[in-house]
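Pasted below: run_8.cif, mmCIF, C-alpha atoms and all ligand atoms.
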```
data_target
loop_
_atom_site.group_PDB
_atom_site.id
_atom_site.type_symbol
_atom_site.label_atom_id
_atom_site.label_comp_id
_atom_site.auth_asym_id
_atom_site.auth_seq_id
_atom_site.Cartn_x
_atom_site.Cartn_y
_atom_site.Cartn_z
ATOM 1 C CA MET A 1218 34.090 46.800 104.842
ATOM 2 C CA ASN A 1219 32.137 48.502 102.121
ATOM 3 C CA GLU A 1220 33.206 52.095 101.759
ATOM 4 C CA MET A 1221 34.950 53.494 98.711
ATOM 5 C CA LYS A 1222 38.693 53.676 99.335
ATOM 6 C CA THR A 1223 41.178 56.202 98.053
ATOM 7 C CA ALA A 1224 43.812 54.818 95.694
ATOM 8 C CA ASN A 1225 46.502 54.819 98.391
ATOM 9 C CA ASP A 1226 44.257 53.126 100.949
ATOM 10 C CA GLY A 1227 43.421 50.416 98.424
ATOM 11 C CA ILE A 1228 47.094 49.855 97.708
ATOM 12 C CA SER A 1229 47.996 49.558 101.402
ATOM 13 C CA VAL A 1230 45.176 47.041 101.860
ATOM 14 C CA ALA A 1231 46.738 44.841 99.153
ATOM 15 C CA ARG A 1232 50.259 45.320 100.566
ATOM 16 C CA ASP A 1233 49.258 44.532 104.162
ATOM 17 C CA TYR A 1234 47.346 41.481 103.000
ATOM 18 C CA TYR A 1235 50.143 39.976 100.852
ATOM 19 C CA ASP A 1236 52.789 40.901 103.453
ATOM 20 C CA SER A 1237 50.930 39.124 106.269
ATOM 21 C CA GLU A 1238 52.420 35.923 107.632
ATOM 22 C CA GLU A 1239 49.185 33.968 107.229
ATOM 23 C CA ALA A 1240 48.691 34.995 103.589
ATOM 24 C CA ASP A 1241 52.349 34.199 102.822
ATOM 25 C CA ASP A 1242 51.965 30.821 104.526
ATOM 26 C CA PHE A 1243 48.731 30.057 102.684
ATOM 27 C CA TYR A 1244 49.869 31.110 99.207
ATOM 28 C CA SER A 1245 53.300 29.520 99.436
ATOM 29 C CA LYS A 1246 52.006 26.198 100.807
ATOM 30 C CA VAL A 1247 48.466 25.674 99.504
ATOM 31 C CA TRP A 1248 48.275 27.618 96.264
ATOM 32 C CA GLY A 1249 51.101 25.891 94.447
ATOM 33 C CA GLY A 1250 54.388 27.113 95.830
ATOM 34 C CA GLU A 1251 55.674 29.637 93.322
ATOM 35 C CA ASP A 1252 52.498 30.699 91.529
ATOM 36 C CA ILE A 1253 49.466 32.559 92.873
ATOM 37 C CA HIS A 1254 47.156 32.530 89.900
ATOM 38 C CA ILE A 1255 44.337 30.563 88.345
ATOM 39 C CA GLY A 1256 45.386 27.262 86.787
ATOM 40 C CA LEU A 1257 44.182 25.206 83.833
ATOM 41 C CA TYR A 1258 42.557 21.972 85.008
ATOM 42 C CA ASP A 1259 41.726 20.132 81.759
ATOM 43 C CA THR A 1260 44.435 17.517 82.307
ATOM 44 C CA THR A 1261 45.219 17.721 86.017
ATOM 45 C CA ASP A 1262 43.815 18.285 89.480
ATOM 46 C CA ASP A 1263 47.122 19.379 90.932
ATOM 47 C CA ILE A 1264 47.206 23.123 91.688
ATOM 48 C CA ARG A 1265 50.914 23.526 91.058
ATOM 49 C CA THR A 1266 50.766 21.751 87.692
ATOM 50 C CA ALA A 1267 47.596 23.592 86.640
ATOM 51 C CA SER A 1268 49.118 26.953 87.588
ATOM 52 C CA ARG A 1269 52.213 26.216 85.522
ATOM 53 C CA LEU A 1270 49.984 25.280 82.550
ATOM 54 C CA THR A 1271 48.569 28.819 82.558
ATOM 55 C CA VAL A 1272 52.080 30.251 82.294
ATOM 56 C CA GLU A 1273 52.826 27.880 79.400
ATOM 57 C CA ARG A 1274 49.530 28.725 77.628
ATOM 58 C CA MET A 1275 50.359 32.434 77.843
ATOM 59 C CA ILE A 1276 53.891 31.849 76.573
ATOM 60 C CA GLU A 1277 52.554 29.934 73.542
ATOM 61 C CA LYS A 1278 50.800 33.140 72.473
ATOM 62 C CA LEU A 1279 53.972 35.262 72.517
ATOM 63 C CA GLY A 1280 56.462 33.848 69.999
ATOM 64 C CA PRO A 1281 60.222 33.642 70.670
ATOM 65 C CA LEU A 1282 61.298 35.233 73.960
ATOM 66 C CA GLU A 1283 65.102 34.899 73.819
ATOM 67 C CA GLY A 1284 66.630 38.230 74.878
ATOM 68 C CA LYS A 1285 63.258 39.978 75.277
ATOM 69 C CA GLN A 1286 62.848 42.472 78.114
ATOM 70 C CA ILE A 1287 59.723 41.548 80.089
ATOM 71 C CA ILE A 1288 58.087 43.299 83.023
ATOM 72 C CA ASP A 1289 55.863 41.166 85.270
ATOM 73 C CA LEU A 1290 53.372 43.447 87.033
ATOM 74 C CA GLY A 1291 52.348 42.141 90.466
ATOM 75 C CA ALA A 1292 54.812 39.261 90.175
ATOM 76 C CA GLY A 1293 54.123 37.502 93.491
ATOM 77 C CA TYR A 1294 56.829 34.865 94.119
ATOM 78 C CA GLY A 1295 58.099 35.141 90.525
ATOM 79 C CA GLY A 1296 57.150 31.652 89.327
ATOM 80 C CA ALA A 1297 56.388 32.890 85.805
ATOM 81 C CA ALA A 1298 59.606 34.929 85.681
ATOM 82 C CA ARG A 1299 61.696 31.824 86.349
ATOM 83 C CA VAL A 1300 59.996 30.034 83.431
ATOM 84 C CA LEU A 1301 60.342 33.065 81.126
ATOM 85 C CA ALA A 1302 64.015 33.574 82.017
ATOM 86 C CA GLY A 1303 65.115 30.011 82.818
ATOM 87 C CA GLU A 1304 63.403 28.146 79.963
ATOM 88 C CA HIS A 1305 62.976 30.865 77.321
ATOM 89 C CA GLY A 1306 66.001 33.137 77.721
ATOM 90 C CA ALA A 1307 64.069 36.345 78.517
ATOM 91 C CA ARG A 1308 65.255 39.052 80.922
ATOM 92 C CA VAL A 1309 62.539 39.706 83.459
ATOM 93 C CA THR A 1310 61.826 42.551 85.846
ATOM 94 C CA CYS A 1311 59.423 41.524 88.603
ATOM 95 C CA LEU A 1312 57.564 44.551 89.948
ATOM 96 C CA ASN A 1313 55.620 43.807 93.082
ATOM 97 C CA LEU A 1314 54.117 45.547 96.070
ATOM 98 C CA SER A 1315 54.772 42.914 98.728
ATOM 99 C CA GLU A 1316 58.272 42.968 100.175
ATOM 100 C CA VAL A 1317 57.635 39.604 101.844
ATOM 101 C CA GLU A 1318 56.914 38.034 98.465
ATOM 102 C CA ASN A 1319 59.818 39.907 96.877
ATOM 103 C CA ARG A 1320 62.258 38.492 99.429
ATOM 104 C CA ARG A 1321 61.051 34.958 98.691
ATOM 105 C CA ASN A 1322 61.234 35.700 94.946
ATOM 106 C CA ARG A 1323 64.883 36.827 95.239
ATOM 107 C CA ARG A 1324 65.772 33.712 97.263
ATOM 108 C CA LEU A 1325 64.152 31.425 94.658
ATOM 109 C CA ASN A 1326 65.960 33.229 91.809
ATOM 110 C CA GLU A 1327 69.263 32.843 93.621
ATOM 111 C CA ALA A 1328 68.619 29.131 94.202
ATOM 112 C CA ALA A 1329 67.733 28.680 90.511
ATOM 113 C CA GLY A 1330 70.885 30.536 89.392
ATOM 114 C CA LEU A 1331 68.729 33.180 87.669
ATOM 115 C CA SER A 1332 69.535 36.317 89.659
ATOM 116 C CA ASP A 1333 71.439 37.772 86.710
ATOM 117 C CA ARG A 1334 68.382 37.413 84.415
ATOM 118 C CA ILE A 1335 65.617 38.416 86.847
ATOM 119 C CA SER A 1336 65.487 41.595 88.886
ATOM 120 C CA VAL A 1337 62.931 42.110 91.618
ATOM 121 C CA VAL A 1338 61.754 45.659 92.234
ATOM 122 C CA ASP A 1339 59.589 46.874 95.133
ATOM 123 C CA GLY A 1340 56.877 49.149 93.774
ATOM 124 C CA SER A 1341 53.310 49.719 92.716
ATOM 125 C CA PHE A 1342 52.093 49.057 89.204
ATOM 126 C CA ASP A 1343 50.189 52.334 88.977
ATOM 127 C CA ASN A 1344 53.460 54.305 89.178
ATOM 128 C CA LEU A 1345 56.266 52.338 87.562
ATOM 129 C CA PRO A 1346 59.861 53.345 88.396
ATOM 130 C CA PHE A 1347 61.061 52.827 84.805
ATOM 131 C CA PRO A 1348 61.631 55.083 81.802
ATOM 132 C CA SER A 1349 59.231 55.063 78.875
ATOM 133 C CA GLU A 1350 59.474 52.447 76.114
ATOM 134 C CA CYS A 1351 61.932 50.062 77.779
ATOM 135 C CA PHE A 1352 60.092 46.681 77.718
ATOM 136 C CA ASP A 1353 59.177 44.366 74.828
ATOM 137 C CA ILE A 1354 56.463 42.614 76.811
ATOM 138 C CA ALA A 1355 54.320 43.536 79.809
ATOM 139 C CA TRP A 1356 53.041 40.425 81.592
ATOM 140 C CA SER A 1357 50.603 40.240 84.487
ATOM 141 C CA GLN A 1358 48.689 37.406 86.109
ATOM 142 C CA ASP A 1359 45.718 37.932 88.410
ATOM 143 C CA ALA A 1360 47.097 41.084 89.996
ATOM 144 C CA ILE A 1361 45.416 44.126 88.413
ATOM 145 C CA LEU A 1362 42.157 43.297 90.203
ATOM 146 C CA HIS A 1363 43.855 44.816 93.286
ATOM 147 C CA ALA A 1364 44.398 48.207 91.638
ATOM 148 C CA PRO A 1365 42.062 50.938 92.872
ATOM 149 C CA ARG A 1366 42.801 52.813 89.589
ATOM 150 C CA ARG A 1367 43.103 50.185 86.858
ATOM 151 C CA ASP A 1368 43.208 52.947 84.246
ATOM 152 C CA LEU A 1369 46.507 54.183 85.748
ATOM 153 C CA VAL A 1370 48.009 50.692 85.489
ATOM 154 C CA LEU A 1371 47.039 50.447 81.818
ATOM 155 C CA HIS A 1372 48.504 53.905 81.151
ATOM 156 C CA GLU A 1373 51.742 52.788 82.769
ATOM 157 C CA VAL A 1374 51.762 49.608 80.663
ATOM 158 C CA GLU A 1375 51.362 51.738 77.535
ATOM 159 C CA ARG A 1376 54.137 54.085 78.668
ATOM 160 C CA VAL A 1377 56.795 51.488 79.485
ATOM 161 C CA LEU A 1378 56.170 49.247 76.455
ATOM 162 C CA LYS A 1379 58.279 49.786 73.367
ATOM 163 C CA LYS A 1380 56.387 50.519 70.150
ATOM 164 C CA GLY A 1381 54.902 47.251 68.924
ATOM 165 C CA GLY A 1382 55.260 45.774 72.437
ATOM 166 C CA ILE A 1383 52.875 43.124 73.738
ATOM 167 C CA PHE A 1384 50.696 43.191 76.843
ATOM 168 C CA ALA A 1385 49.724 39.660 77.933
ATOM 169 C CA PHE A 1386 47.664 39.309 81.084
ATOM 170 C CA THR A 1387 44.980 37.538 83.052
ATOM 171 C CA ASP A 1388 42.660 38.935 85.692
ATOM 172 C CA PRO A 1389 39.713 37.649 87.698
ATOM 173 C CA MET A 1390 36.921 39.935 86.478
ATOM 174 C CA GLN A 1391 33.218 40.443 86.667
ATOM 175 C CA ALA A 1392 31.158 39.322 83.673
ATOM 176 C CA ASP A 1393 30.321 42.046 81.152
ATOM 177 C CA ALA A 1394 26.657 41.415 81.978
ATOM 178 C CA PRO A 1395 26.584 39.756 85.416
ATOM 179 C CA LYS A 1396 23.457 37.620 86.000
ATOM 180 C CA ASP A 1397 23.190 38.944 89.562
ATOM 181 C CA ALA A 1398 25.322 42.047 90.119
ATOM 182 C CA ALA A 1399 24.405 42.238 93.833
ATOM 183 C CA ALA A 1400 26.017 38.822 94.402
ATOM 184 C CA LEU A 1401 29.407 40.376 93.582
ATOM 185 C CA GLN A 1402 29.395 42.548 96.702
ATOM 186 C CA PRO A 1403 31.079 39.976 99.017
ATOM 187 C CA ILE A 1404 33.921 39.717 96.480
ATOM 188 C CA TYR A 1405 34.323 43.496 96.342
ATOM 189 C CA ASP A 1406 34.353 43.504 100.139
ATOM 190 C CA ARG A 1407 37.157 40.900 100.199
ATOM 191 C CA ILE A 1408 39.403 43.031 97.987
ATOM 192 C CA HIS A 1409 38.227 46.289 99.619
ATOM 193 C CA LEU A 1410 37.374 47.847 96.257
ATOM 194 C CA PRO A 1411 34.099 48.984 94.708
ATOM 195 C CA ASP A 1412 34.276 46.750 91.634
ATOM 196 C CA LEU A 1413 36.255 44.385 89.418
ATOM 197 C CA ALA A 1414 37.298 45.048 85.830
ATOM 198 C CA SER A 1415 35.587 43.195 82.977
ATOM 199 C CA ILE A 1416 36.723 42.010 79.562
ATOM 200 C CA GLY A 1417 34.699 44.851 78.030
ATOM 201 C CA LEU A 1418 36.385 47.431 80.266
ATOM 202 C CA TYR A 1419 39.877 46.195 79.336
ATOM 203 C CA ARG A 1420 38.958 46.160 75.645
ATOM 204 C CA LYS A 1421 37.576 49.683 75.801
ATOM 205 C CA THR A 1422 40.441 51.182 77.832
ATOM 206 C CA LEU A 1423 43.196 49.507 75.835
ATOM 207 C CA LYS A 1424 41.563 50.489 72.552
ATOM 208 C CA ARG A 1425 41.447 54.082 73.768
ATOM 209 C CA LEU A 1426 45.188 53.815 74.481
ATOM 210 C CA GLY A 1427 45.737 52.679 70.897
ATOM 211 C CA PHE A 1428 46.273 48.949 71.531
ATOM 212 C CA GLU A 1429 45.249 46.315 69.007
ATOM 213 C CA GLU A 1430 43.538 43.198 70.364
ATOM 214 C CA LEU A 1431 45.433 40.064 69.321
ATOM 215 C CA GLU A 1432 43.472 37.489 71.344
ATOM 216 C CA VAL A 1433 41.084 37.158 74.247
ATOM 217 C CA GLU A 1434 40.723 33.517 75.291
ATOM 218 C CA GLU A 1435 37.893 33.376 77.785
ATOM 219 C CA LEU A 1436 38.365 30.562 80.315
ATOM 220 C CA THR A 1437 35.916 31.483 83.054
ATOM 221 C CA HIS A 1438 35.182 27.841 83.949
ATOM 222 C CA GLN A 1439 38.808 27.502 85.118
ATOM 223 C CA LEU A 1440 38.258 30.249 87.706
ATOM 224 C CA GLY A 1441 35.551 28.261 89.521
ATOM 225 C CA ARG A 1442 37.570 25.046 89.314
ATOM 226 C CA HIS A 1443 40.686 26.722 90.650
ATOM 227 C CA TYR A 1444 39.134 28.404 93.672
ATOM 228 C CA GLY A 1445 37.187 25.211 94.443
ATOM 229 C CA ARG A 1446 40.365 23.132 94.275
ATOM 230 C CA VAL A 1447 42.265 25.578 96.493
ATOM 231 C CA ARG A 1448 39.476 25.338 99.073
ATOM 232 C CA GLU A 1449 39.590 21.510 98.992
ATOM 233 C CA VAL A 1450 43.368 21.357 99.403
ATOM 234 C CA MET A 1451 43.290 23.936 102.197
ATOM 235 C CA LEU A 1452 40.750 21.829 104.124
ATOM 236 C CA GLU A 1453 42.606 18.546 103.447
ATOM 237 C CA ARG A 1454 45.937 19.996 104.638
ATOM 238 C CA GLN A 1455 44.792 22.351 107.370
ATOM 239 C CA GLU A 1456 46.148 20.246 110.223
ATOM 240 C CA GLU A 1457 49.416 19.313 108.534
ATOM 241 C CA LEU A 1458 50.101 22.966 107.678
ATOM 242 C CA GLY A 1459 48.932 24.238 111.065
ATOM 243 C CA LEU A 1460 46.450 26.694 109.509
ATOM 244 C CA ASP A 1461 44.420 28.567 112.078
ATOM 245 C CA ASP A 1462 40.644 27.768 112.232
ATOM 246 C CA ALA A 1463 39.581 31.418 111.965
ATOM 247 C CA PHE A 1464 41.807 31.937 108.908
ATOM 248 C CA VAL A 1465 40.501 28.754 107.234
ATOM 249 C CA ASP A 1466 36.878 29.786 107.873
ATOM 250 C CA ARG A 1467 37.448 33.238 106.483
ATOM 251 C CA MET A 1468 39.416 32.036 103.469
ATOM 252 C CA GLY A 1469 36.948 29.196 102.816
ATOM 253 C CA GLU A 1470 34.081 31.656 102.756
ATOM 254 C CA GLY A 1471 35.986 34.018 100.457
ATOM 255 C CA LEU A 1472 36.909 31.221 98.033
ATOM 256 C CA GLY A 1473 33.274 30.090 98.080
ATOM 257 C CA HIS A 1474 32.126 33.470 96.779
ATOM 258 C CA TRP A 1475 34.435 33.117 93.764
ATOM 259 C CA VAL A 1476 33.246 29.549 93.057
ATOM 260 C CA LYS A 1477 29.593 30.595 93.301
ATOM 261 C CA GLY A 1478 30.150 33.768 91.265
ATOM 262 C CA ALA A 1479 31.711 31.767 88.431
ATOM 263 C CA ALA A 1480 28.956 29.123 88.506
ATOM 264 C CA GLU A 1481 26.222 31.762 88.460
ATOM 265 C CA GLY A 1482 27.593 33.731 85.491
ATOM 266 C CA ASN A 1483 28.740 36.776 87.441
ATOM 267 C CA LEU A 1484 32.485 36.459 86.904
ATOM 268 C CA ALA A 1485 34.959 36.105 84.056
ATOM 269 C CA TRP A 1486 38.569 35.089 83.592
ATOM 270 C CA ALA A 1487 40.588 35.198 80.392
ATOM 271 C CA ILE A 1488 44.045 35.251 78.888
ATOM 272 C CA MET A 1489 44.244 38.554 77.019
ATOM 273 C CA VAL A 1490 46.889 39.649 74.532
ATOM 274 C CA PHE A 1491 47.087 43.181 73.106
ATOM 275 C CA ARG A 1492 49.715 45.003 71.023
ATOM 276 C CA LYS A 1493 50.849 48.594 71.289
ATOM 277 C CA PRO A 1494 51.033 50.188 67.833
ATOM 278 C CA GLY A 1495 54.364 49.656 66.068
ATOM 279 C CA ALA A 1496 56.994 52.150 64.964
HETATM 280 C C1 LIG B 1501 47.058 36.814 93.180
HETATM 281 S S1 LIG B 1501 48.673 37.450 93.361
HETATM 282 C C2 LIG B 1501 49.416 37.033 91.781
HETATM 283 C C3 LIG B 1501 50.924 36.951 91.860
HETATM 284 C C4 LIG B 1501 51.640 36.546 90.577
HETATM 285 N N1 LIG B 1501 51.256 37.376 89.462
HETATM 286 C C5 LIG B 1501 51.360 35.109 90.248
HETATM 287 O O1 LIG B 1501 50.631 34.876 89.286
HETATM 288 O O2 LIG B 1501 51.869 34.228 90.925
HETATM 289 C C6 LIG B 1501 48.429 39.197 93.245
HETATM 290 C C7 LIG B 1501 49.728 39.981 93.332
HETATM 291 O O3 LIG B 1501 49.472 41.349 93.057
HETATM 292 C C8 LIG B 1501 50.397 42.099 93.805
HETATM 293 N N2 LIG B 1501 49.897 43.483 93.885
HETATM 294 C C9 LIG B 1501 48.727 43.923 94.408
HETATM 295 N N3 LIG B 1501 48.631 45.260 94.295
HETATM 296 C C10 LIG B 1501 49.775 45.681 93.656
HETATM 297 C C11 LIG B 1501 50.275 46.953 93.249
HETATM 298 N N4 LIG B 1501 49.597 48.095 93.489
HETATM 299 N N5 LIG B 1501 51.477 47.004 92.628
HETATM 300 C C12 LIG B 1501 52.196 45.885 92.405
HETATM 301 N N6 LIG B 1501 51.780 44.643 92.778
HETATM 302 C C13 LIG B 1501 50.578 44.549 93.399
HETATM 303 C C14 LIG B 1501 50.447 41.399 95.147
HETATM 304 O O4 LIG B 1501 51.620 41.748 95.852
HETATM 305 C C15 LIG B 1501 50.419 39.940 94.684
HETATM 306 O O5 LIG B 1501 51.708 39.455 94.493
#
```

Output the file's structure in the form of C-alpha cells.
Ligand SMILES: C[S@@+](CC[C@H](N)C(=O)[O-])C[C@H]1O[C@@H](n2cnc3c(N)ncnc32)[C@H](O)[C@@H]1O
Amino acid sequence: MNEMKTANDGISVARDYYDSEEADDFYSKVWGGEDIHIGLYDTTDDIRTASRLTVERMIEKLGPLEGKQIIDLGAGYGGAARVLAGEHGARVTCLNLSEVENRRNRRLNEAAGLSDRISVVDGSFDNLPFPSECFDIAWSQDAILHAPRRDLVLHEVERVLKKGGIFAFTDPMQADAPKDAAALQPIYDRIHLPDLASIGLYRKTLKRLGFEELEVEELTHQLGRHYGRVREVMLERQEELGLDDAFVDRMGEGLGHWVKGAAEGNLAWAIMVFRKPGA
C-alpha cells in the first residue's frame, strides 16, 4: 500500500499489527523475548543479549536513576522498564498502543515483583494522558518511526518532561542524505507511512522546541546486523516455533529491505540524548 494515510489510520495500522497473534508470536519468540529493538552486536550474536546491551548503553548516558520518574513511549513488552525499575530504582510508566503487548507487560511485571514500580498505560504517544511536567526522563526505543505525526510526539515529550528533563531515544531512520532515496519505498510501504525520520529532522525539531543536544551516537551498522540476525533466527527456528510459511516469506522480505537499506547507506540508527531547558 502506498497512499498517504491520515494520522488516525496510521495509528490503527500500527495497533492492528502489534496486536496481531502472528506479530506477538514472532516478537515474543524470535526477537528476544522482552525487547523489540535493535541490539548491539560487538560482543555477541545472541539477539536477547544484544537487545539488553542497547538498554544498558542508553542507561550509561543518563546518570543515577534512583527515584526518577520515567515514561517509556511505545514500551512494547516493557523489557527496558524492568531494567530501569528493577536494577536502577526508577519508577516507570509504560505507554503503549498495543493492548496485547500491554497485557504481557503487566504479567511480566507481576512475575518480577515490579508492579508497584511500573505502570502500564494503554494510549498513543501523540496524545499523552498525563499532566505537563511530570517526568524526569522520556525514554523511547524504536517506536516513533510508527508515528504518522512525529512532530506531535516530540511536542508531547516536551510537554510532559519537567524542566531540565532528559529525552533518550533510538529510532530506525532514513539517512540524512540517502544514497538511493527510491530504495526506501518498500520500507515506507511496510510501515504504511510516507517516510521515516532522520537524525537531522530530530535535531531540527528538538532544537525548535528548545532542547539541547547532549549526545547522538550513530550506530547504523547495528541496524543491518540486527535485522539480518533476526531473519537468520526466524529461518532456523521456523519449524520449532510453527511459524507460517506466508508470514515467514513476508517478514523475511521486509527484514531484507532493512538489511539492504543499511548496507547501501540509505538508513540510520542512533542513540540520541537531548535535554529540555532547566528551571
Ligand atoms: C519495535 S516496537 C518497540 C517496543 C519497545 N520500545 C522495545 O524496545 O522493546 C514498536 C512499539 O511501538 C508501539 N507503538 C506504535 N505506535 C504507537 C503509538 N501511536 N503510541 C504508542 N505506542 C506505539 C508498538 O505498540 C510497539 O510496541

Contacts with ligand LIG 1501 (chain B) at most 7 Å, all atoms listed in the file counted, listed as number ranges by chain: A: 1228, 1231-1232, 1235, 1251-1254, 1290-1297, 1312-1315, 1318, 1340-1343, 1357-1361, 1363-1364

Please enumerate the residues selected by the PyMOL selection byres (((chain A and resi 1410-1412) around 7) and not hetatm) when evaluated against the supplied file, formatted as an mmCIF file with C-alpha atoms, in the frame of the given file.
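Output contents, as saved in out_27.cif:
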```cif
data_model
loop_
_atom_site.group_PDB
_atom_site.id
_atom_site.type_symbol
_atom_site.label_atom_id
_atom_site.label_comp_id
_atom_site.auth_asym_id
_atom_site.auth_seq_id
_atom_site.Cartn_x
_atom_site.Cartn_y
_atom_site.Cartn_z
ATOM 1 C CA MET A 1221 34.950 53.494 98.711
ATOM 2 C CA LYS A 1222 38.693 53.676 99.335
ATOM 3 C CA GLY A 1227 43.421 50.416 98.424
ATOM 4 C CA PRO A 1365 42.062 50.938 92.872
ATOM 5 C CA TYR A 1405 34.323 43.496 96.342
ATOM 6 C CA ASP A 1406 34.353 43.504 100.139
ATOM 7 C CA ILE A 1408 39.403 43.031 97.987
ATOM 8 C CA HIS A 1409 38.227 46.289 99.619
ATOM 9 C CA LEU A 1413 36.255 44.385 89.418
ATOM 10 C CA ALA A 1414 37.298 45.048 85.830
#
```

Result set of the PyMOL selection byres (((chain A and resi 1444-1461) around 7) and not hetatm) on the coordinates above, as a list of chain:residue names: A:Val1247, A:Trp1248, A:Leu1440, A:Gly1441, A:Arg1442, A:His1443, A:Asp1462, A:Ala1463, A:Phe1464, A:Val1465, A:Gly1469, A:Leu1472, A:Trp1475, A:Val1476

Dump C-alpha atoms for the selected residues as a PDB file, in the coordinates of the input?
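After the write, again_37.pdb holds the following:
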```
ATOM      1  CA  VAL A1247      48.466  25.674  99.504  1.00  0.00           C
ATOM      2  CA  TRP A1248      48.275  27.618  96.264  1.00  0.00           C
ATOM      3  CA  LEU A1440      38.258  30.249  87.706  1.00  0.00           C
ATOM      4  CA  GLY A1441      35.551  28.261  89.521  1.00  0.00           C
ATOM      5  CA  ARG A1442      37.570  25.046  89.314  1.00  0.00           C
ATOM      6  CA  HIS A1443      40.686  26.722  90.650  1.00  0.00           C
ATOM      7  CA  ASP A1462      40.644  27.768 112.232  1.00  0.00           C
ATOM      8  CA  ALA A1463      39.581  31.418 111.965  1.00  0.00           C
ATOM      9  CA  PHE A1464      41.807  31.937 108.908  1.00  0.00           C
ATOM     10  CA  VAL A1465      40.501  28.754 107.234  1.00  0.00           C
ATOM     11  CA  GLY A1469      36.948  29.196 102.816  1.00  0.00           C
ATOM     12  CA  LEU A1472      36.909  31.221  98.033  1.00  0.00           C
ATOM     13  CA  TRP A1475      34.435  33.117  93.764  1.00  0.00           C
ATOM     14  CA  VAL A1476      33.246  29.549  93.057  1.00  0.00           C
TER      15      VAL A1476
END
```

Enumerate, as a list in words, the residues matched when the PyMOL selection byres (((chain A and resi 1368) around 12) and not hetatm) is run on the file above.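 That selection, the PyMOL selection byres (((chain A and resi 1368) around 12) and not hetatm), comes back as Ala1224, Phe1342, Asp1343, Asn1344, Ile1361, Leu1362, Ala1364, Pro1365, Arg1366, Arg1367, Leu1369, Val1370, Leu1371, His1372, Glu1373, Val1374, Glu1375, Ala1414, Leu1418, Tyr1419, Arg1420, Lys1421, Thr1422, Leu1423, Arg1425 and Leu1426 of chain A.
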
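Taking CA of Leu1282 (chain A) as the reference point, CA of Asn1322 (chain A) is found at 21.0 Å.
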
Mind pulling up the distance from CA of Trp1356 (chain A) to CA of Val1300 (chain A)? 12.6 Å

For Pro1395 (chain A), which residue among A:Thr1266, A:Thr1260, A:Ser1415, A:Ser1237 is the nearest when counting only C-alpha atoms?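 Closest to Pro1395 (chain A), using only C-alpha atoms: A:Ser1415.
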
In terms of the shortest atom-to-atom distance over all atoms listed in the file, which of A:Ala1400, A:Glu1432, A:Asp1263, A:Val1377 is closest to Met1489 (chain A)?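 Result for the nearest residue to Met1489 (chain A): A:Glu1432.
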
Got a sec: who's within 12 Å of Glu1350 (chain A), counting only C-alpha atoms, leaving out chain neighbours fewer than 6 positions off, as a PDB file with C-alpha atoms, in the coordinates of the input?
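Generated file (part22.pdb):
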```
ATOM      1  CA  GLN A1286      62.848  42.472  78.114  1.00  0.00           C
ATOM      2  CA  ILE A1287      59.723  41.548  80.089  1.00  0.00           C
ATOM      3  CA  ILE A1288      58.087  43.299  83.023  1.00  0.00           C
ATOM      4  CA  GLU A1373      51.742  52.788  82.769  1.00  0.00           C
ATOM      5  CA  VAL A1374      51.762  49.608  80.663  1.00  0.00           C
ATOM      6  CA  GLU A1375      51.362  51.738  77.535  1.00  0.00           C
ATOM      7  CA  ARG A1376      54.137  54.085  78.668  1.00  0.00           C
ATOM      8  CA  VAL A1377      56.795  51.488  79.485  1.00  0.00           C
ATOM      9  CA  LEU A1378      56.170  49.247  76.455  1.00  0.00           C
ATOM     10  CA  LYS A1379      58.279  49.786  73.367  1.00  0.00           C
ATOM     11  CA  LYS A1380      56.387  50.519  70.150  1.00  0.00           C
ATOM     12  CA  GLY A1381      54.902  47.251  68.924  1.00  0.00           C
ATOM     13  CA  GLY A1382      55.260  45.774  72.437  1.00  0.00           C
ATOM     14  CA  ILE A1383      52.875  43.124  73.738  1.00  0.00           C
ATOM     15  CA  LYS A1493      50.849  48.594  71.289  1.00  0.00           C
ATOM     16  CA  GLY A1495      54.364  49.656  66.068  1.00  0.00           C
ATOM     17  CA  ALA A1496      56.994  52.150  64.964  1.00  0.00           C
TER      18      ALA A1496
END
```

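Separating CA of Ile1276 (chain A) from CA of Asp1259 (chain A) is a distance of 17.7 Å.
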
Pick from A:Phe1491, A:Gly1417, A:Asp1262, A:Asp1241 nearest to Asn1319 (chain A), counting only C-alpha atoms: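 Closest residue, counting only C-alpha atoms: A:Asp1241.
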
Grab all the atoms of region 1431-1445 of chain A that the file lists, wrap them in a box along x, y and z, add 8 Å per side, and give me centre plus edge lengths in Å (one decimal) as JSON.
```
{"center_x": 40.3, "center_y": 32.6, "center_z": 81.9, "size_x": 26.3, "size_y": 31.0, "size_z": 41.1}
```

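Proximity of A:Asp1242, A:Asp1393, A:Glu1304, A:Glu1429 to Val1272 (chain A), computed with only C-alpha atoms, is greatest for A:Glu1304.
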